[in-house]
$ cat work_38.cif   # mmCIF, C-alpha atoms
data_my_file
#
loop_
_atom_site.label_atom_id
_atom_site.label_comp_id
_atom_site.auth_asym_id
_atom_site.auth_seq_id
_atom_site.Cartn_x
_atom_site.Cartn_y
_atom_site.Cartn_z
CA MET A 1 6.20 18.40 16.33
CA THR A 2 6.33 18.06 12.58
CA ASP A 3 9.24 19.51 10.64
CA LEU A 4 8.16 20.97 7.37
CA MET A 5 10.05 21.69 4.22
CA ASN A 6 9.56 25.43 4.55
CA GLY A 7 10.99 25.42 8.05
CA ASN A 8 7.71 26.21 9.81
CA LYS A 9 6.92 24.17 12.87
CA LEU A 10 3.49 22.69 13.15
CA ASP A 11 3.11 22.48 16.91
CA ARG A 12 -0.07 21.96 18.87
CA ALA A 13 -0.62 25.65 19.55
CA ALA A 14 -0.31 26.47 15.85
CA VAL A 15 -2.76 23.75 14.87
CA ALA A 16 -5.22 24.73 17.61
CA GLU A 17 -5.12 28.31 16.34
CA ILE A 18 -5.77 27.13 12.79
CA VAL A 19 -8.69 24.98 13.96
CA MET A 20 -10.19 27.90 15.87
CA ALA A 21 -9.70 30.24 12.91
CA GLY A 22 -11.55 27.75 10.71
CA VAL A 23 -14.40 27.48 13.21
CA ARG A 24 -14.60 31.28 13.52
CA GLU A 25 -14.76 31.57 9.73
CA ALA A 26 -17.55 28.99 9.57
CA GLN A 27 -19.42 30.80 12.33
CA ALA A 28 -19.04 34.12 10.56
CA LEU A 29 -20.61 32.62 7.42
CA SER A 30 -23.60 31.20 9.28
CA ALA A 31 -26.68 33.29 9.81
CA PRO A 32 -27.26 34.63 12.35
CA ALA A 33 -23.58 34.67 13.23
CA PRO A 34 -23.03 33.59 16.85
CA ASP A 35 -20.51 35.26 19.11
CA PRO A 36 -17.17 33.76 18.04
CA ALA A 37 -15.51 34.71 21.32
CA GLY A 38 -14.72 32.09 23.88
CA LEU A 39 -13.63 29.20 21.68
CA ASN A 40 -11.43 26.75 23.50
CA GLU A 41 -10.34 23.13 23.29
CA GLU A 42 -13.55 21.96 24.96
CA THR A 43 -15.82 23.74 22.48
CA ARG A 44 -18.19 21.20 20.92
CA LEU A 45 -18.39 21.13 17.13
CA ILE A 46 -21.10 18.49 16.74
CA GLY A 47 -24.00 17.26 18.84
CA GLU A 48 -25.58 18.96 21.84
CA GLY A 49 -24.12 22.39 22.55
CA ALA A 50 -22.28 22.48 19.24
CA VAL A 51 -21.34 25.91 17.96
CA LEU A 52 -21.77 24.81 14.33
CA ASP A 53 -24.54 23.16 12.33
CA SER A 54 -23.63 20.33 9.92
CA LEU A 55 -22.95 22.70 7.04
CA GLY A 56 -20.90 24.88 9.36
CA LEU A 57 -18.81 21.87 10.31
CA VAL A 58 -18.14 21.15 6.63
CA THR A 59 -17.13 24.77 6.11
CA ALA A 60 -14.87 24.77 9.17
CA VAL A 61 -13.10 21.59 8.11
CA LEU A 62 -12.50 22.96 4.62
CA GLU A 63 -11.22 26.26 6.02
CA ILE A 64 -8.80 24.34 8.23
CA GLU A 65 -7.54 22.26 5.27
CA GLN A 66 -7.04 25.48 3.32
CA ARG A 67 -5.15 27.24 6.12
CA LEU A 68 -2.87 24.24 6.64
CA ALA A 69 -2.02 24.24 2.94
CA GLU A 70 -1.53 27.99 2.64
CA GLN A 71 0.27 28.68 5.89
CA HIS A 72 2.24 25.48 6.36
CA ASP A 73 2.33 23.70 2.99
CA VAL A 74 0.63 20.76 4.68
CA VAL A 75 -1.83 19.12 2.31
CA LEU A 76 -4.24 16.89 4.23
CA VAL A 77 -7.68 15.41 3.65
CA LEU A 78 -9.63 15.88 6.86
CA ALA A 79 -12.20 13.21 6.09
CA ASP A 80 -13.28 10.46 8.43
CA GLU A 81 -16.12 7.97 8.26
CA ARG A 82 -16.90 8.67 11.90
CA ALA A 83 -17.35 12.38 11.13
CA MET A 84 -20.89 12.59 12.45
CA SER A 85 -20.50 10.19 15.39
CA GLN A 86 -20.86 12.15 18.62
CA LYS A 87 -18.81 9.61 20.58
CA HIS A 88 -15.98 8.84 18.22
CA SER A 89 -15.80 11.65 15.69
CA PRO A 90 -12.44 13.40 15.47
CA PHE A 91 -14.52 16.51 14.76
CA ARG A 92 -16.44 16.46 18.05
CA SER A 93 -14.49 19.30 19.68
CA ILE A 94 -11.77 21.79 18.91
CA GLY A 95 -9.35 19.76 21.02
CA SER A 96 -10.12 16.44 19.34
CA LEU A 97 -9.89 18.05 15.91
CA THR A 98 -6.54 19.58 16.81
CA ASP A 99 -5.27 16.13 17.87
CA TYR A 100 -6.61 14.63 14.64
CA VAL A 101 -4.86 17.22 12.46
CA LEU A 102 -1.57 16.67 14.30
CA ARG A 103 -1.86 12.90 13.87
CA LEU A 104 -2.62 13.13 10.15
CA ALA A 105 0.20 15.65 9.63
CA SER A 106 2.61 13.36 11.43
CA GLU A 107 1.52 10.33 9.39
CA SER A 108 1.78 12.35 6.22
CA ALA A 109 5.30 13.59 7.11
CA HIS A 110 6.48 10.03 7.71
CA ALA A 111 4.74 8.46 4.75
CA MET B 1 -2.58 34.45 -3.41
CA PRO B 2 -3.28 35.88 -6.89
CA GLU B 3 -6.63 35.18 -8.48
CA SER B 4 -6.62 34.92 -12.23
CA SER B 5 -9.08 37.24 -13.97
CA VAL B 6 -9.61 34.56 -16.60
CA PRO B 7 -11.96 31.62 -15.81
CA VAL B 8 -10.25 28.27 -15.36
CA ALA B 9 -11.55 24.92 -16.60
CA LEU B 10 -10.23 21.48 -15.69
CA VAL B 11 -10.85 18.52 -18.00
CA THR B 12 -9.91 14.96 -17.04
CA GLY B 13 -8.87 12.49 -19.70
CA ALA B 14 -7.63 15.39 -21.82
CA ARG B 15 -4.99 13.48 -23.78
CA LYS B 16 -7.32 12.47 -26.59
CA GLY B 17 -10.90 12.04 -27.75
CA ILE B 18 -13.70 14.04 -26.17
CA GLY B 19 -11.41 15.29 -23.41
CA ARG B 20 -8.91 16.85 -25.77
CA TYR B 21 -11.72 18.30 -27.88
CA LEU B 22 -13.27 19.91 -24.79
CA ALA B 23 -9.92 21.27 -23.59
CA GLU B 24 -9.34 22.92 -26.96
CA HIS B 25 -12.98 24.04 -27.04
CA PHE B 26 -12.54 25.89 -23.72
CA LEU B 27 -9.22 27.35 -24.88
CA GLY B 28 -11.05 28.66 -27.93
CA GLN B 29 -13.46 30.43 -25.56
CA GLY B 30 -10.52 32.21 -23.92
CA LEU B 31 -10.39 30.13 -20.75
CA ARG B 32 -7.30 28.82 -18.99
CA VAL B 33 -7.42 25.05 -19.18
CA GLU B 34 -5.90 22.40 -16.96
CA GLY B 35 -6.00 18.84 -18.20
CA CYS B 36 -4.94 15.48 -16.91
CA SER B 37 -4.46 11.90 -17.98
CA ARG B 38 -2.38 8.94 -16.92
CA GLU B 39 -0.09 9.42 -19.92
CA PRO B 40 1.69 12.58 -21.12
CA ALA B 41 -0.61 14.83 -23.16
CA GLY B 42 1.25 14.56 -26.46
CA TRP B 43 -0.09 17.97 -27.44
CA GLU B 44 0.27 21.49 -26.14
CA ALA B 45 -1.31 24.91 -26.54
CA ASP B 46 -1.07 28.38 -25.09
CA GLY B 47 -3.06 28.55 -21.87
CA TYR B 48 -3.06 24.78 -21.44
CA CYS B 49 -1.31 22.91 -18.63
CA HIS B 50 -1.26 19.12 -18.49
CA HIS B 51 -0.94 17.02 -15.36
CA GLN B 52 -0.02 13.37 -15.51
CA LEU B 53 -1.96 11.47 -12.88
CA ASP B 54 -4.50 8.78 -12.08
CA VAL B 55 -7.81 10.43 -11.14
CA ALA B 56 -8.42 7.71 -8.56
CA ASP B 57 -5.15 8.46 -6.72
CA GLU B 58 -6.22 10.64 -3.80
CA ALA B 59 -2.79 12.14 -3.08
CA ALA B 60 -2.22 12.99 -6.75
CA VAL B 61 -5.68 14.56 -7.07
CA LYS B 62 -5.12 16.59 -3.93
CA ALA B 63 -1.77 17.81 -5.29
CA LEU B 64 -3.39 18.74 -8.61
CA PHE B 65 -5.92 21.00 -6.92
CA ALA B 66 -3.28 22.53 -4.67
CA ASP B 67 -1.34 23.41 -7.82
CA VAL B 68 -4.41 24.91 -9.53
CA GLN B 69 -5.12 26.94 -6.42
CA LYS B 70 -1.54 28.21 -6.25
CA ARG B 71 -1.31 29.19 -9.92
CA HIS B 72 -4.84 30.45 -10.59
CA GLY B 73 -6.56 30.99 -7.23
CA ARG B 74 -9.79 29.72 -8.76
CA LEU B 75 -11.56 26.91 -10.60
CA ASP B 76 -14.74 27.64 -12.53
CA ILE B 77 -15.41 24.46 -14.49
CA LEU B 78 -14.64 20.78 -14.01
CA VAL B 79 -15.49 18.17 -16.64
CA ASN B 80 -15.04 14.60 -15.44
CA ASN B 81 -14.45 12.95 -18.77
CA ALA B 82 -11.76 10.38 -17.87
CA GLY B 83 -13.19 6.94 -18.28
CA VAL B 84 -12.42 3.38 -19.20
CA ALA B 85 -14.77 0.94 -20.90
CA SER B 86 -14.93 -2.81 -21.12
CA MET B 87 -17.30 -4.71 -23.35
CA ASN B 88 -17.77 -8.25 -22.19
CA HIS B 89 -20.35 -10.77 -21.07
CA VAL B 90 -20.69 -10.71 -17.30
CA LEU B 91 -19.86 -14.42 -17.10
CA LEU B 92 -16.54 -13.79 -18.83
CA THR B 93 -15.54 -10.65 -16.93
CA PRO B 94 -12.58 -10.82 -14.54
CA ASP B 95 -12.95 -9.34 -11.07
CA ALA B 96 -9.99 -7.05 -11.76
CA THR B 97 -11.89 -5.49 -14.65
CA ALA B 98 -14.80 -4.63 -12.38
CA ALA B 99 -12.45 -3.01 -9.89
CA ARG B 100 -10.64 -1.04 -12.61
CA LEU B 101 -13.86 0.33 -14.14
CA LEU B 102 -15.31 1.42 -10.82
CA ARG B 103 -11.99 2.90 -9.74
CA THR B 104 -11.54 5.21 -12.70
CA ASN B 105 -15.14 5.90 -13.67
CA PHE B 106 -16.73 6.29 -10.28
CA HIS B 107 -14.04 6.64 -7.62
CA GLY B 108 -12.06 9.07 -9.80
CA THR B 109 -15.18 11.18 -10.38
CA PHE B 110 -15.91 11.24 -6.66
CA LEU B 111 -12.40 12.42 -5.76
CA MET B 112 -12.32 15.07 -8.47
CA CYS B 113 -15.75 16.39 -7.47
CA ARG B 114 -14.83 16.49 -3.80
CA GLU B 115 -11.62 18.41 -4.29
CA ALA B 116 -13.06 20.71 -6.98
CA ALA B 117 -15.95 21.68 -4.73
CA LYS B 118 -13.52 22.63 -1.97
CA LEU B 119 -11.81 25.04 -4.34
CA MET B 120 -14.98 26.33 -6.04
CA ARG B 121 -16.68 26.94 -2.69
CA ARG B 122 -14.27 29.76 -1.93
CA ARG B 123 -15.67 31.91 -4.72
CA ARG B 124 -19.17 30.49 -4.25
CA TYR B 125 -19.24 29.54 -7.89
CA GLY B 126 -18.62 26.34 -9.79
CA ARG B 127 -19.83 24.24 -12.68
CA ILE B 128 -19.17 20.51 -12.67
CA VAL B 129 -20.17 18.19 -15.51
CA ASN B 130 -19.81 14.42 -15.23
CA LEU B 131 -19.80 12.15 -18.26
CA SER B 132 -22.14 9.17 -18.34
CA THR B 133 -23.32 7.08 -21.28
CA ILE B 134 -26.50 6.05 -23.06
CA ALA B 135 -25.59 2.51 -22.00
CA VAL B 136 -27.25 3.41 -18.67
CA PRO B 137 -30.82 4.06 -19.91
CA MET B 138 -30.51 1.61 -22.84
CA GLN B 139 -29.19 -1.17 -20.60
CA LEU B 140 -26.88 -2.42 -23.31
CA GLU B 141 -25.82 -6.06 -23.12
CA GLY B 142 -22.10 -6.48 -22.77
CA GLU B 143 -21.72 -3.18 -20.96
CA SER B 144 -22.99 -4.15 -17.53
CA LEU B 145 -19.99 -2.94 -15.56
CA TYR B 146 -19.38 0.14 -17.68
CA ALA B 147 -23.06 1.09 -17.40
CA ALA B 148 -23.12 0.31 -13.68
CA SER B 149 -20.07 2.49 -13.03
CA LYS B 150 -21.72 5.36 -14.91
CA GLY B 151 -25.04 4.69 -13.19
CA ALA B 152 -23.15 5.21 -9.95
CA VAL B 153 -21.83 8.51 -11.33
CA GLU B 154 -25.40 9.62 -12.12
CA THR B 155 -26.72 8.81 -8.65
CA PHE B 156 -23.69 10.38 -7.01
CA THR B 157 -24.22 13.52 -9.12
CA ARG B 158 -27.85 13.90 -8.06
CA VAL B 159 -27.00 13.69 -4.36
CA PHE B 160 -23.78 15.69 -4.62
CA ALA B 161 -25.65 18.45 -6.48
CA ARG B 162 -27.91 18.89 -3.46
CA GLU B 163 -24.98 18.96 -1.05
CA VAL B 164 -23.01 21.63 -2.89
CA ALA B 165 -25.90 23.82 -4.06
CA GLU B 166 -25.35 25.87 -0.91
CA PHE B 167 -21.90 26.79 -2.22
CA GLY B 168 -23.10 28.09 -5.60
CA ILE B 169 -21.89 24.93 -7.35
CA THR B 170 -23.94 23.02 -9.90
CA CYS B 171 -23.25 19.44 -10.98
CA ASN B 172 -24.88 17.77 -13.96
CA VAL B 173 -24.41 14.83 -16.29
CA VAL B 174 -24.24 14.42 -20.05
CA GLY B 175 -24.64 10.94 -21.50
CA PRO B 176 -23.15 10.66 -25.00
CA THR B 177 -24.05 8.14 -27.67
CA PRO B 178 -21.27 6.19 -29.33
CA ILE B 179 -18.75 8.56 -30.89
CA GLU B 180 -15.79 7.56 -33.02
CA THR B 181 -13.27 7.40 -30.18
CA ASP B 182 -10.83 4.87 -28.82
CA LEU B 183 -13.47 3.88 -26.29
CA ILE B 184 -15.52 2.08 -28.96
CA ARG B 185 -12.61 1.13 -31.23
CA ASN B 186 -12.95 -2.55 -30.36
CA VAL B 187 -16.74 -2.72 -30.52
CA PRO B 188 -18.02 -4.58 -33.61
CA GLN B 189 -19.54 -2.35 -36.29
CA ASP B 190 -22.84 -4.23 -36.32
CA LYS B 191 -23.24 -3.69 -32.57
CA ILE B 192 -22.69 0.06 -32.97
CA ALA B 193 -25.16 0.12 -35.88
CA GLY B 194 -27.70 -1.69 -33.70
CA ILE B 195 -27.35 0.90 -30.94
CA VAL B 196 -27.74 3.77 -33.41
CA GLN B 197 -30.93 2.17 -34.76
CA ARG B 198 -32.42 2.28 -31.25
CA LEU B 199 -31.79 6.04 -30.91
CA ALA B 200 -34.46 8.61 -31.74
CA ILE B 201 -31.89 10.36 -33.93
CA LYS B 202 -30.12 7.68 -35.92
CA ARG B 203 -26.52 8.72 -36.26
CA LEU B 204 -23.26 8.45 -34.33
CA GLY B 205 -22.51 11.29 -31.94
CA ARG B 206 -20.00 14.03 -32.55
CA PHE B 207 -17.73 15.84 -30.14
CA GLU B 208 -19.70 19.01 -30.92
CA ASP B 209 -22.88 17.36 -29.58
CA VAL B 210 -21.22 16.76 -26.22
CA ALA B 211 -19.69 20.24 -26.10
CA ASN B 212 -23.08 21.79 -26.85
CA VAL B 213 -24.70 20.28 -23.75
CA ILE B 214 -21.66 21.11 -21.63
CA ASP B 215 -21.73 24.71 -22.84
CA PHE B 216 -25.32 24.91 -21.60
CA TYR B 217 -24.51 23.41 -18.20
CA VAL B 218 -21.49 25.64 -17.57
CA ARG B 219 -23.02 28.98 -18.58
CA PRO B 220 -23.28 31.35 -15.59
CA GLU B 221 -26.99 31.66 -16.46
CA SER B 222 -27.47 27.92 -15.75
CA ASP B 223 -27.25 28.52 -12.01
CA TYR B 224 -30.75 27.04 -11.59
CA VAL B 225 -29.89 23.77 -13.34
CA THR B 226 -28.36 21.05 -11.20
CA GLY B 227 -28.54 17.30 -10.60
CA GLN B 228 -29.78 16.72 -14.15
CA VAL B 229 -28.90 14.11 -16.76
CA ILE B 230 -29.15 14.78 -20.50
CA TYR B 231 -28.71 11.86 -22.91
CA LEU B 232 -27.80 12.59 -26.48
CA GLY B 233 -29.54 11.22 -29.53
CA GLY B 234 -32.88 10.85 -27.77
CA ALA B 235 -31.68 7.72 -25.96
CA ALA B 236 -34.06 6.34 -23.38
#
$ encode --input "work_38.cif" --output "structure tokens"
Amino acid sequence: MTDLMNGNKLDRAAVAEIVMAGVREAQALSAPAPDPAGLNEETRLIGEGAVLDSLGLVTAVLEIEQRLAEQHDVVLVLADERAMSQKHSPFRSIGSLTDYVLRLASESAHA
Amino acid sequence: MPESSVPVALVTGARKGIGRYLAEHFLGQGLRVEGCSREPAGWEADGYCHHQLDVADEAAVKALFADVQKRHGRLDILVNNAGVASMNHVLLTPDATAARLLRTNFHGTFLMCREAAKLMRRRRYGRIVNLSTIAVPMQLEGESLYAASKGAVETFTRVFAREVAEFGITCNVVGPTPIETDLIRNVPQDKIAGIVQRLAIKRLGRFEDVANVIDFYVRPESDYVTGQVIYLGGAA
């Protein structure tokens, strides 16, 4: 759990909700918009069965960055050279992206 | 978060030279202007806010855009003007010079473009202009690293323009001729005269010439112009 200057706690549930909100936003902007219901930690974001195309993934990641900054004053760059790797990308699922955000936030808090 | 009703422009390298001219040019058009440089601005104006930072420092760039977002809720225009030059024969150029040129001229432009596009995307509107140089098409001796760093900016711009078109953002390049700025202060007069003689229009550039092309690129009506490079003076 990361303590933040404004007193908010950035726990896993909060980050997972932010990640899902970002994915929902990206889905809403895609055409035709798929059913955003049923997102969970296993939901694939890239590769086979992904709920987003590559542009949708970019949008989702940017929405997540924005929500972290606005809601928690956490300024992160969610960039990774393995972004498009289906095996190793931190963006491959909602769960892995949630873990990645928590790790970066923790590193940033202790920098 | 409040969104300013007045368009906002960000100019890098705004302490002096072309950057300061452009910042004041945009202020004269009624825009809010954010500027940055590694040193304090040394000048001020109503509607102008200066940030002291290195454009190649990711954390500082990120913080700059967070601040612009908080205070204005929008960014309409970015001009990547910050640049460093080094005139030298390749065989006499230190490795550190190569790293410094690429860091400010290319890496800094990349970071600024990336973060600006994130902010511009939210309103599905943005105009980005990157500064290059006629040293790229003219392949000027003594400017290999400077020209290479700007050549990288041009290639980056062409690809980046395609990637952000979806978000209503355009990105173009203007390549000035030599202008009387600090950048060419240490270049011998006869070398400058030689460059001018190779131009179609044989005179030094003026800040107004650069601003004219930028005004064209950043007009809302230029939404069908992206990934382009315009060199001044008829350089080729």
$ closest_atom_pairs --input "work_38.cif" --of "chain A" --to "chain B" --cutoff "9 Å" --atoms "all atoms listed in the file" --output "Markdown table"
| residue | atom | partner | partner_atom | distance |
| --- | --- | --- | --- | --- |
| A:Leu55 | CA | B:Glu166 | CA | 8.9 |
| A:Leu62 | CA | B:Lys118 | CA | 6.7 |
| A:Gln66 | CA | B:Lys118 | CA | 8.8 |
| A:Ala69 | CA | B:Ala66 | CA | 7.9 |
| A:Glu70 | CA | B:Lys70 | CA | 8.9 |
| A:Val75 | CA | B:Lys62 | CA | 7.5 |
| A:Leu76 | CA | B:Lys62 | CA | 8.2 |
| A:Val77 | CA | B:Lys62 | CA | 8.1 |
$ closest_residue --input "work_38.cif" --among "A:Leu68, A:Met20, A:Ala13, A:Leu104" --to "Asn40 in chain A" --atoms "all atoms listed in the file"
A:Met20
$ residues_around --input "work_38.cif" --residues "Asp46 in chain B" --least-positions-apart "5" --cutoff "10 Å" --atoms "all atoms listed in the file" --output "list in words"
Leu27, Arg32 and Val33 of chain B
$ residues_around --input "work_38.cif" --residues "Thr226 in chain B" --least-positions-apart "3" --cutoff "8 Å" --atoms "all atoms listed in the file" --output "PyMOL selection string"
chain B and resi 158+161+170-172+223
$ write_last_selection --input "work_38.cif" --atoms "C-alpha atoms" --output "short mmCIF file (atom, residue, chain, number, x, y, z; two decimals), in the coordinates of the input"
data_model
loop_
_atom_site.label_atom_id
_atom_site.label_comp_id
_atom_site.auth_asym_id
_atom_site.auth_seq_id
_atom_site.Cartn_x
_atom_site.Cartn_y
_atom_site.Cartn_z
CA ARG B 158 -27.85 13.90 -8.06
CA ALA B 161 -25.65 18.45 -6.48
CA THR B 170 -23.94 23.02 -9.90
CA CYS B 171 -23.25 19.44 -10.98
CA ASN B 172 -24.88 17.77 -13.96
CA ASP B 223 -27.25 28.52 -12.01
#
$ resolve_selection --input "work_38.cif" --expression "the PyMOL selection byres ((chain A and resi 15) around 10)" --output "ChimeraX atom specification"
/A:9-14,16-21,64,67-68,95,97-102
$ resolve_selection --input "work_38.cif" --expression "the PyMOL selection byres ((chain B and resi 42-45) around 9)" --output "list in words"
Arg15, Lys16, Glu24, Leu27, Glu39, Pro40, Ala41, Asp46, Gly47, Tyr48, Cys49 and His50 of chain B
$ residues_around --input "work_38.cif" --residues "range 195-204 of chain B" --least-positions-apart "3" --cutoff "7 Å" --atoms "only C-alpha atoms" --output "PyMOL selection string"
chain B and resi 177-179+191-192+233-235
$ write_last_selection --input "work_38.cif" --atoms "C-alpha atoms" --output "mmCIF file, in the coordinates of the input"
data_model
loop_
_atom_site.group_PDB
_atom_site.id
_atom_site.type_symbol
_atom_site.label_atom_id
_atom_site.label_comp_id
_atom_site.auth_asym_id
_atom_site.auth_seq_id
_atom_site.Cartn_x
_atom_site.Cartn_y
_atom_site.Cartn_z
ATOM 1 C CA THR B 177 -24.050 8.140 -27.670
ATOM 2 C CA PRO B 178 -21.270 6.190 -29.330
ATOM 3 C CA ILE B 179 -18.750 8.560 -30.890
ATOM 4 C CA LYS B 191 -23.240 -3.690 -32.570
ATOM 5 C CA ILE B 192 -22.690 0.060 -32.970
ATOM 6 C CA GLY B 233 -29.540 11.220 -29.530
ATOM 7 C CA GLY B 234 -32.880 10.850 -27.770
ATOM 8 C CA ALA B 235 -31.680 7.720 -25.960
#
$ atom_distance --input "work_38.cif" --atom1 "CA of Arg123 in chain B" --atom2 "CA of Phe160 in chain B"
18.1 Å
$ atom_distance --input "work_38.cif" --atom1 "CA of Ala99 in chain B" --atom2 "CA of Lys150 in chain B"
13.5 Å
$ resolve_selection --input "work_38.cif" --expression "the PyMOL selection byres ((chain B and resi 51) around 8)" --output "list of chain:residue names"
B:Glu34, B:Gly35, B:Cys36, B:Ser37, B:Pro40, B:Cys49, B:His50, B:Gln52, B:Leu53, B:Leu64
$ residues_around --input "work_38.cif" --residues "range 83-94 of chain B" --least-positions-apart "5" --cutoff "8 Å" --atoms "all atoms listed in the file" --output "PyMOL selection string"
chain B and resi 13+101+104-105+141-146+183+187
$ atom_distance --input "work_38.cif" --atom1 "CA of Gly168 in chain B" --atom2 "CA of Ile77 in chain B"
12.3 Å
$ axis_aligned_box --input "work_38.cif" --around "range 77-86 of chain B" --padding-each-side "3 Å" --output "lines of an AutoDock Vina configuration file"
center_x = -13.6
center_y = 10.8
center_z = -17.6
size_x = 9.7
size_y = 33.3
size_z = 13.1
$ residues_around --input "work_38.cif" --residues "Pro7 in chain B" --least-positions-apart "3" --cutoff "12 Å" --atoms "all atoms listed in the file" --output "list in words"
Glu3, Ser4, Leu10, Phe26, Leu27, Gln29, Gly30, Leu31, Arg32, Val33, Glu34, Gly47, Val68, His72, Gly73, Arg74, Leu75, Asp76, Ile77, Leu78, Met120, Arg123, Tyr125, Gly126, Arg127, Val218, Arg219 and Pro220 of chain B
$ closest_residue --input "work_38.cif" --among "B:His107, B:Arg114, B:Arg124, B:His25" --to "Glu208 in chain B" --atoms "all atoms listed in the file"
B:His25
$ closest_residue --input "work_38.cif" --among "B:Val213, B:Ala236, B:Val6, B:Ala98" --to "Pro137 in chain B" --atoms "only C-alpha atoms"
B:Ala236
$ residues_near_point --input "work_38.cif" --point "(-30.1, 14.8, -11.5)" --cutoff "12 Å" --atoms "all atoms listed in the file" --output "compact mmCIF listing (two decimals) with C-alpha atoms, keeping the file's coordinate frame"
# COMPACT_ATOMS: atom_id res chain seq x y z
CA VAL B 129 -20.17 18.19 -15.51
CA ASN B 130 -19.81 14.42 -15.23
CA SER B 132 -22.14 9.17 -18.34
CA GLY B 151 -25.04 4.69 -13.19
CA ALA B 152 -23.15 5.21 -9.95
CA VAL B 153 -21.83 8.51 -11.33
CA GLU B 154 -25.40 9.62 -12.12
CA THR B 155 -26.72 8.81 -8.65
CA PHE B 156 -23.69 10.38 -7.01
CA THR B 157 -24.22 13.52 -9.12
CA ARG B 158 -27.85 13.90 -8.06
CA VAL B 159 -27.00 13.69 -4.36
CA PHE B 160 -23.78 15.69 -4.62
CA ALA B 161 -25.65 18.45 -6.48
CA ARG B 162 -27.91 18.89 -3.46
CA THR B 170 -23.94 23.02 -9.90
CA CYS B 171 -23.25 19.44 -10.98
CA ASN B 172 -24.88 17.77 -13.96
CA VAL B 173 -24.41 14.83 -16.29
CA VAL B 174 -24.24 14.42 -20.05
CA VAL B 225 -29.89 23.77 -13.34
CA THR B 226 -28.36 21.05 -11.20
CA GLY B 227 -28.54 17.30 -10.60
CA GLN B 228 -29.78 16.72 -14.15
CA VAL B 229 -28.90 14.11 -16.76
CA ILE B 230 -29.15 14.78 -20.50
CA TYR B 231 -28.71 11.86 -22.91
